[in-house]
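So this block is start.csv, CSV, N, CA and C atoms:
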```csv
chain,number,residue,atom,x,y,z
Z,1,MET,N,-15.4,-15.0,-4.0
Z,1,MET,CA,-14.0,-15.1,-3.9
Z,1,MET,C,-13.6,-16.5,-3.4
Z,2,SER,N,-12.7,-17.1,-4.1
Z,2,SER,CA,-12.3,-18.4,-3.8
Z,2,SER,C,-11.5,-18.4,-2.4
Z,3,GLU,N,-11.5,-19.6,-1.8
Z,3,GLU,CA,-10.8,-19.7,-0.5
Z,3,GLU,C,-9.3,-19.4,-0.6
Z,4,LEU,N,-8.7,-19.6,-1.8
Z,4,LEU,CA,-7.3,-19.4,-1.9
Z,4,LEU,C,-7.0,-17.9,-2.1
Z,5,GLN,N,-8.0,-17.1,-2.4
Z,5,GLN,CA,-7.7,-15.7,-2.6
Z,5,GLN,C,-7.9,-14.9,-1.3
Z,6,SER,N,-7.2,-13.8,-1.2
Z,6,SER,CA,-7.4,-12.8,-0.2
Z,6,SER,C,-7.3,-11.4,-0.8
Z,7,MET,N,-7.8,-10.4,0.0
Z,7,MET,CA,-7.9,-9.1,-0.5
Z,7,MET,C,-7.3,-8.1,0.5
Z,8,LYS,N,-6.9,-6.9,0.0
Z,8,LYS,CA,-6.5,-5.9,0.9
Z,8,LYS,C,-6.9,-4.5,0.3
Z,9,LYS,N,-7.5,-3.7,1.1
Z,9,LYS,CA,-7.8,-2.3,0.7
Z,9,LYS,C,-6.6,-1.5,0.7
Z,10,VAL,N,-6.4,-0.7,-0.4
Z,10,VAL,CA,-5.1,0.2,-0.4
Z,10,VAL,C,-5.5,1.5,-0.9
Z,11,ASN,N,-4.6,2.4,-0.8
Z,11,ASN,CA,-4.7,3.8,-1.2
Z,11,ASN,C,-3.4,4.1,-2.1
Z,12,TRP,N,-3.6,4.8,-3.2
Z,12,TRP,CA,-2.6,5.1,-4.1
Z,12,TRP,C,-1.4,5.8,-3.4
Z,13,TYR,N,-1.7,6.8,-2.6
Z,13,TYR,CA,-0.7,7.5,-1.9
Z,13,TYR,C,0.0,6.8,-0.8
Z,14,THR,N,-0.8,6.0,0.0
Z,14,THR,CA,-0.2,5.2,1.1
Z,14,THR,C,0.8,4.2,0.5
Z,15,GLU,N,0.5,3.6,-0.7
Z,15,GLU,CA,1.4,2.7,-1.4
Z,15,GLU,C,2.5,3.4,-2.0
Z,16,GLU,N,2.5,4.7,-2.0
Z,16,GLU,CA,3.6,5.6,-2.6
Z,16,GLU,C,3.8,5.4,-4.1
Z,17,LEU,N,2.6,5.1,-4.7
Z,17,LEU,CA,2.7,4.9,-6.2
Z,17,LEU,C,2.9,6.3,-6.9
Z,18,ASP,N,2.5,7.4,-6.2
Z,18,ASP,CA,2.7,8.7,-6.8
Z,18,ASP,C,4.2,9.0,-7.0
Z,19,ASP,N,5.0,8.4,-6.1
Z,19,ASP,CA,6.5,8.5,-6.2
Z,19,ASP,C,7.0,7.6,-7.3
Z,20,PHE,N,6.4,6.4,-7.5
Z,20,PHE,CA,6.9,5.4,-8.4
Z,20,PHE,C,6.7,5.8,-9.8
Z,21,TYR,N,5.5,6.4,-10.2
Z,21,TYR,CA,5.2,6.7,-11.6
Z,21,TYR,C,5.5,8.2,-11.8
Z,22,ASP,N,6.2,8.4,-13.0
Z,22,ASP,CA,6.7,9.7,-13.3
Z,22,ASP,C,5.5,10.6,-14.0
Z,23,GLU,N,4.7,10.0,-14.8
Z,23,GLU,CA,3.7,10.7,-15.5
Z,23,GLU,C,2.4,10.8,-14.8
Z,24,ASP,N,1.8,9.7,-14.4
Z,24,ASP,CA,0.4,9.7,-13.9
Z,24,ASP,C,0.5,9.7,-12.3
Z,25,LYS,N,0.7,10.8,-11.7
Z,25,LYS,CA,0.9,10.9,-10.3
Z,25,LYS,C,-0.3,10.6,-9.5
Z,26,ASP,N,-1.6,10.7,-10.0
Z,26,ASP,CA,-2.7,10.4,-9.2
Z,26,ASP,C,-3.6,9.3,-9.9
Z,27,ASN,N,-3.1,8.6,-10.8
Z,27,ASN,CA,-3.8,7.5,-11.4
Z,27,ASN,C,-5.2,7.9,-12.0
Z,28,ASN,N,-5.2,9.1,-12.6
Z,28,ASN,CA,-6.4,9.7,-13.2
Z,28,ASN,C,-7.5,9.8,-12.2
Z,29,GLY,N,-7.2,10.0,-10.9
Z,29,GLY,CA,-8.2,10.1,-9.9
Z,29,GLY,C,-8.6,8.8,-9.2
Z,30,TYR,N,-8.2,7.7,-9.8
Z,30,TYR,CA,-8.5,6.4,-9.2
Z,30,TYR,C,-7.5,6.0,-8.1
Z,31,ILE,N,-7.7,6.4,-6.9
Z,31,ILE,CA,-6.7,6.3,-5.9
Z,31,ILE,C,-7.1,5.3,-4.8
Z,32,TYR,N,-8.3,4.7,-4.8
Z,32,TYR,CA,-8.7,3.7,-3.8
Z,32,TYR,C,-8.7,2.4,-4.5
Z,33,GLY,N,-8.0,1.5,-4.0
Z,33,GLY,CA,-7.8,0.2,-4.6
Z,33,GLY,C,-8.0,-1.0,-3.8
Z,34,ILE,N,-8.1,-2.2,-4.5
Z,34,ILE,CA,-8.2,-3.5,-3.8
Z,34,ILE,C,-7.1,-4.3,-4.5
Z,35,TYR,N,-6.2,-4.8,-3.6
Z,35,TYR,CA,-5.2,-5.8,-4.1
Z,35,TYR,C,-5.8,-7.2,-3.9
Z,36,ILE,N,-5.7,-8.0,-4.9
Z,36,ILE,CA,-6.2,-9.4,-4.8
Z,36,ILE,C,-5.0,-10.4,-4.9
Z,37,TYR,N,-4.9,-11.3,-3.9
Z,37,TYR,CA,-3.8,-12.2,-3.8
Z,37,TYR,C,-4.4,-13.6,-4.1
Z,38,GLU,N,-3.6,-14.4,-4.9
Z,38,GLU,CA,-4.0,-15.8,-5.2
Z,38,GLU,C,-3.7,-16.7,-4.0
Z,39,ASN,N,-2.6,-16.4,-3.4
Z,39,ASN,CA,-2.2,-17.2,-2.2
Z,39,ASN,C,-1.2,-16.3,-1.3
Z,40,GLU,N,-0.9,-16.8,-0.2
Z,40,GLU,CA,-0.1,-16.0,0.8
Z,40,GLU,C,1.3,-15.8,0.4
Z,41,ASP,N,1.8,-16.6,-0.6
Z,41,ASP,CA,3.2,-16.6,-1.0
Z,41,ASP,C,3.5,-15.6,-2.1
Z,42,GLU,N,2.5,-15.0,-2.7
Z,42,GLU,CA,2.7,-14.1,-3.8
Z,42,GLU,C,2.4,-12.7,-3.5
Z,43,ASP,N,3.0,-11.8,-4.3
Z,43,ASP,CA,2.5,-10.4,-4.3
Z,43,ASP,C,1.2,-10.4,-4.9
Z,44,HIS,N,0.5,-9.2,-4.8
Z,44,HIS,CA,-0.9,-9.2,-5.4
Z,44,HIS,C,-0.8,-9.6,-6.9
Z,45,THR,N,-1.9,-10.3,-7.3
Z,45,THR,CA,-1.9,-10.7,-8.7
Z,45,THR,C,-2.9,-9.9,-9.5
Z,46,GLU,N,-3.8,-9.1,-8.8
Z,46,GLU,CA,-4.8,-8.3,-9.5
Z,46,GLU,C,-5.0,-7.1,-8.7
Z,47,VAL,N,-5.3,-6.0,-9.4
Z,47,VAL,CA,-5.6,-4.7,-8.7
Z,47,VAL,C,-6.8,-4.1,-9.3
Z,48,GLU,N,-7.7,-3.6,-8.5
Z,48,GLU,CA,-8.9,-2.8,-9.0
Z,48,GLU,C,-8.8,-1.5,-8.4
Z,49,TRP,N,-9.0,-0.4,-9.2
Z,49,TRP,CA,-8.9,1.0,-8.7
Z,49,TRP,C,-10.2,1.7,-8.9
Z,50,PHE,N,-10.6,2.6,-7.9
Z,50,PHE,CA,-11.8,3.3,-7.9
Z,50,PHE,C,-11.6,4.8,-7.5
Z,51,LYS,N,-12.5,5.6,-8.0
Z,51,LYS,CA,-12.4,7.1,-7.7
Z,51,LYS,C,-12.8,7.4,-6.3
Z,52,THR,N,-13.7,6.7,-5.7
Z,52,THR,CA,-14.1,7.0,-4.3
Z,52,THR,C,-13.9,5.8,-3.4
Z,53,GLU,N,-13.7,6.1,-2.1
Z,53,GLU,CA,-13.6,5.1,-1.1
Z,53,GLU,C,-14.9,4.3,-1.0
Z,54,GLU,N,-16.0,4.9,-1.2
Z,54,GLU,CA,-17.3,4.2,-1.1
Z,54,GLU,C,-17.4,3.2,-2.2
Z,55,GLU,N,-17.0,3.6,-3.4
Z,55,GLU,CA,-17.1,2.6,-4.5
Z,55,GLU,C,-16.2,1.4,-4.2
Z,56,ARG,N,-15.0,1.7,-3.8
Z,56,ARG,CA,-14.0,0.6,-3.4
Z,56,ARG,C,-14.6,-0.3,-2.4
Z,57,ASP,N,-15.1,0.3,-1.3
Z,57,ASP,CA,-15.6,-0.5,-0.2
Z,57,ASP,C,-16.8,-1.3,-0.6
Z,58,ASN,N,-17.7,-0.8,-1.5
Z,58,ASN,CA,-18.8,-1.6,-2.0
Z,58,ASN,C,-18.3,-2.8,-2.8
Z,59,GLN,N,-17.3,-2.6,-3.6
Z,59,GLN,CA,-16.8,-3.7,-4.4
Z,59,GLN,C,-16.1,-4.7,-3.6
Z,60,TYR,N,-15.4,-4.2,-2.6
Z,60,TYR,CA,-14.7,-5.1,-1.6
Z,60,TYR,C,-15.7,-6.1,-1.0
Z,61,GLU,N,-16.9,-5.6,-0.5
Z,61,GLU,CA,-17.9,-6.4,0.1
Z,61,GLU,C,-18.5,-7.4,-0.9
Z,62,LEU,N,-18.7,-6.9,-2.2
Z,62,LEU,CA,-19.2,-7.8,-3.2
Z,62,LEU,C,-18.2,-9.0,-3.5
Z,63,ASN,N,-16.9,-8.6,-3.5
Z,63,ASN,CA,-15.9,-9.6,-3.8
Z,63,ASN,C,-15.9,-10.7,-2.6
Z,64,LYS,N,-16.1,-10.2,-1.4
Z,64,LYS,CA,-16.1,-11.1,-0.3
Z,64,LYS,C,-17.2,-12.2,-0.4
Z,65,GLU,N,-18.3,-11.7,-1.0
Z,65,GLU,CA,-19.5,-12.6,-1.1
Z,65,GLU,C,-19.3,-13.7,-2.2
Z,66,GLU,N,-18.4,-13.4,-3.1
Z,66,GLU,CA,-18.3,-14.4,-4.2
Z,66,GLU,C,-17.6,-15.7,-3.8
```
Using structure tokens, write down the structure from this file.
Amino acid sequence: MSELQSMKKVNWYTEELDDFYDEDKDNNGYIYGIYIYENEDEDHTEVEWFKTEEERDNQYELNKEE
């Protein structure tokens, strides 16, 4: 992960995305996410979604090492 990027662990329901989307209320089961920010002044620029919290947390740690 470059020095300019930062990340945040998120949950589909905590972000209230189930209320936002009419059709896909549970993102096909991918409810654990990582928001990636290019800099502090922007909203997230990339999102990765995972079916389990463990998968998400493992990827989060891998991203930190890059």
Those of chain Z in DSSP strand (DSSP E), formatted as a ChimeraX atom specification: /Z:6-11,32-37,46-50
Please measure the separation of atom C of Asp57 in chain Z and CA of Ile34 in chain Z, giving the value in Å to one decimal.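 Rounded to one decimal, the two atoms are 9.4 Å apart.
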Step one, run DSSP on the backbone; step two, keep only residues of chain Z assigned to helix (DSSP H, G or I); then write them as an NGL selection string. :Z and (17-20 or 27-29 or 53-65)
When you draw a straight line from CA of Asp24 in chain Z to CA of Val10 in chain Z, how long is it in Å? 17.4 Å
Counting all atoms listed in the file, which residue out of Z:Trp49, Z:Glu61, Z:Tyr32, Z:Tyr37 sits closest to Asn11 in chain Z?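 Using all atoms listed in the file, Asn11 in chain Z sits closest to Z:Tyr32.
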Please, what distance in Å, to one decimal, runs between atom C of Gln5 in chain Z and CA of Val47 in chain Z?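 Here the two named atoms are 12.8 Å from each other.
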Would you compute the box with edges along x, y and z of the file around range 14-31 of chain Z, including every atom the file lists for it and 8 Å extra on each side, and give its centre and edge lengths in Å to one decimal, as lines of an AutoDock Vina configuration file?
```
center_x = -0.8
center_y = 6.8
center_z = -7.2
size_x = 31.6
size_y = 24.2
size_z = 32.6
```
What's around Lys9 in chain Z at 12 Å? Count only C-alpha atoms, leave out sequence neighbours fewer than 4 positions away in its own chain, and write the answer as a list in words.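 Here the answer would be Thr14, Glu15, Ile31, Tyr32, Gly33, Ile34, Tyr35, Ile36, Tyr37, His44, Val47, Glu48, Trp49, Phe50, Glu53, Glu54, Glu55, Arg56, Asp57, Asn58, Gln59, Tyr60, Glu61 and Asn63 of chain Z.
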Tell me, as a VMD selection string, which residues lie within 8 Å of Asn27 in chain Z, counting only N, CA and C atoms; anything in the same chain fewer than 5 positions away does not count. chain Z and resid 12 17 to 18
Can you sort out range 17-32 of chain Z so it carries N, CA, C and O atoms, written as an mmCIF file, keeping the file's coordinate frame?
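Okay, this is what ended up in selection.cif:
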```
data_model
loop_
_atom_site.group_PDB
_atom_site.id
_atom_site.type_symbol
_atom_site.label_atom_id
_atom_site.label_comp_id
_atom_site.auth_asym_id
_atom_site.auth_seq_id
_atom_site.Cartn_x
_atom_site.Cartn_y
_atom_site.Cartn_z
ATOM 1 N N LEU Z 17 2.600 5.100 -4.700
ATOM 2 C CA LEU Z 17 2.700 4.900 -6.200
ATOM 3 C C LEU Z 17 2.900 6.300 -6.900
ATOM 4 O O LEU Z 17 3.344 6.291 -8.032
ATOM 5 N N ASP Z 18 2.500 7.400 -6.200
ATOM 6 C CA ASP Z 18 2.700 8.700 -6.800
ATOM 7 C C ASP Z 18 4.200 9.000 -7.000
ATOM 8 O O ASP Z 18 4.613 9.687 -7.870
ATOM 9 N N ASP Z 19 5.000 8.400 -6.100
ATOM 10 C CA ASP Z 19 6.500 8.500 -6.200
ATOM 11 C C ASP Z 19 7.000 7.600 -7.300
ATOM 12 O O ASP Z 19 8.052 7.873 -7.883
ATOM 13 N N PHE Z 20 6.400 6.400 -7.500
ATOM 14 C CA PHE Z 20 6.900 5.400 -8.400
ATOM 15 C C PHE Z 20 6.700 5.800 -9.800
ATOM 16 O O PHE Z 20 7.531 5.612 -10.684
ATOM 17 N N TYR Z 21 5.500 6.400 -10.200
ATOM 18 C CA TYR Z 21 5.200 6.700 -11.600
ATOM 19 C C TYR Z 21 5.500 8.200 -11.800
ATOM 20 O O TYR Z 21 5.205 9.075 -11.094
ATOM 21 N N ASP Z 22 6.200 8.400 -13.000
ATOM 22 C CA ASP Z 22 6.700 9.700 -13.300
ATOM 23 C C ASP Z 22 5.500 10.600 -14.000
ATOM 24 O O ASP Z 22 5.448 11.756 -13.710
ATOM 25 N N GLU Z 23 4.700 10.000 -14.800
ATOM 26 C CA GLU Z 23 3.700 10.700 -15.500
ATOM 27 C C GLU Z 23 2.400 10.800 -14.800
ATOM 28 O O GLU Z 23 1.842 11.890 -14.619
ATOM 29 N N ASP Z 24 1.800 9.700 -14.400
ATOM 30 C CA ASP Z 24 0.400 9.700 -13.900
ATOM 31 C C ASP Z 24 0.500 9.700 -12.300
ATOM 32 O O ASP Z 24 0.297 8.615 -11.706
ATOM 33 N N LYS Z 25 0.700 10.800 -11.700
ATOM 34 C CA LYS Z 25 0.900 10.900 -10.300
ATOM 35 C C LYS Z 25 -0.300 10.600 -9.500
ATOM 36 O O LYS Z 25 -0.207 10.173 -8.309
ATOM 37 N N ASP Z 26 -1.600 10.700 -10.000
ATOM 38 C CA ASP Z 26 -2.700 10.400 -9.200
ATOM 39 C C ASP Z 26 -3.600 9.300 -9.900
ATOM 40 O O ASP Z 26 -4.806 9.194 -9.521
ATOM 41 N N ASN Z 27 -3.100 8.600 -10.800
ATOM 42 C CA ASN Z 27 -3.800 7.500 -11.400
ATOM 43 C C ASN Z 27 -5.200 7.900 -12.000
ATOM 44 O O ASN Z 27 -6.174 7.252 -11.915
ATOM 45 N N ASN Z 28 -5.200 9.100 -12.600
ATOM 46 C CA ASN Z 28 -6.400 9.700 -13.200
ATOM 47 C C ASN Z 28 -7.500 9.800 -12.200
ATOM 48 O O ASN Z 28 -8.681 9.699 -12.528
ATOM 49 N N GLY Z 29 -7.200 10.000 -10.900
ATOM 50 C CA GLY Z 29 -8.200 10.100 -9.900
ATOM 51 C C GLY Z 29 -8.600 8.800 -9.200
ATOM 52 O O GLY Z 29 -9.373 8.781 -8.274
ATOM 53 N N TYR Z 30 -8.200 7.700 -9.800
ATOM 54 C CA TYR Z 30 -8.500 6.400 -9.200
ATOM 55 C C TYR Z 30 -7.500 6.000 -8.100
ATOM 56 O O TYR Z 30 -6.434 5.432 -8.420
ATOM 57 N N ILE Z 31 -7.700 6.400 -6.900
ATOM 58 C CA ILE Z 31 -6.700 6.300 -5.900
ATOM 59 C C ILE Z 31 -7.100 5.300 -4.800
ATOM 60 O O ILE Z 31 -6.272 4.962 -3.939
ATOM 61 N N TYR Z 32 -8.300 4.700 -4.800
ATOM 62 C CA TYR Z 32 -8.700 3.700 -3.800
ATOM 63 C C TYR Z 32 -8.700 2.400 -4.500
ATOM 64 O O TYR Z 32 -9.397 2.178 -5.506
#
```
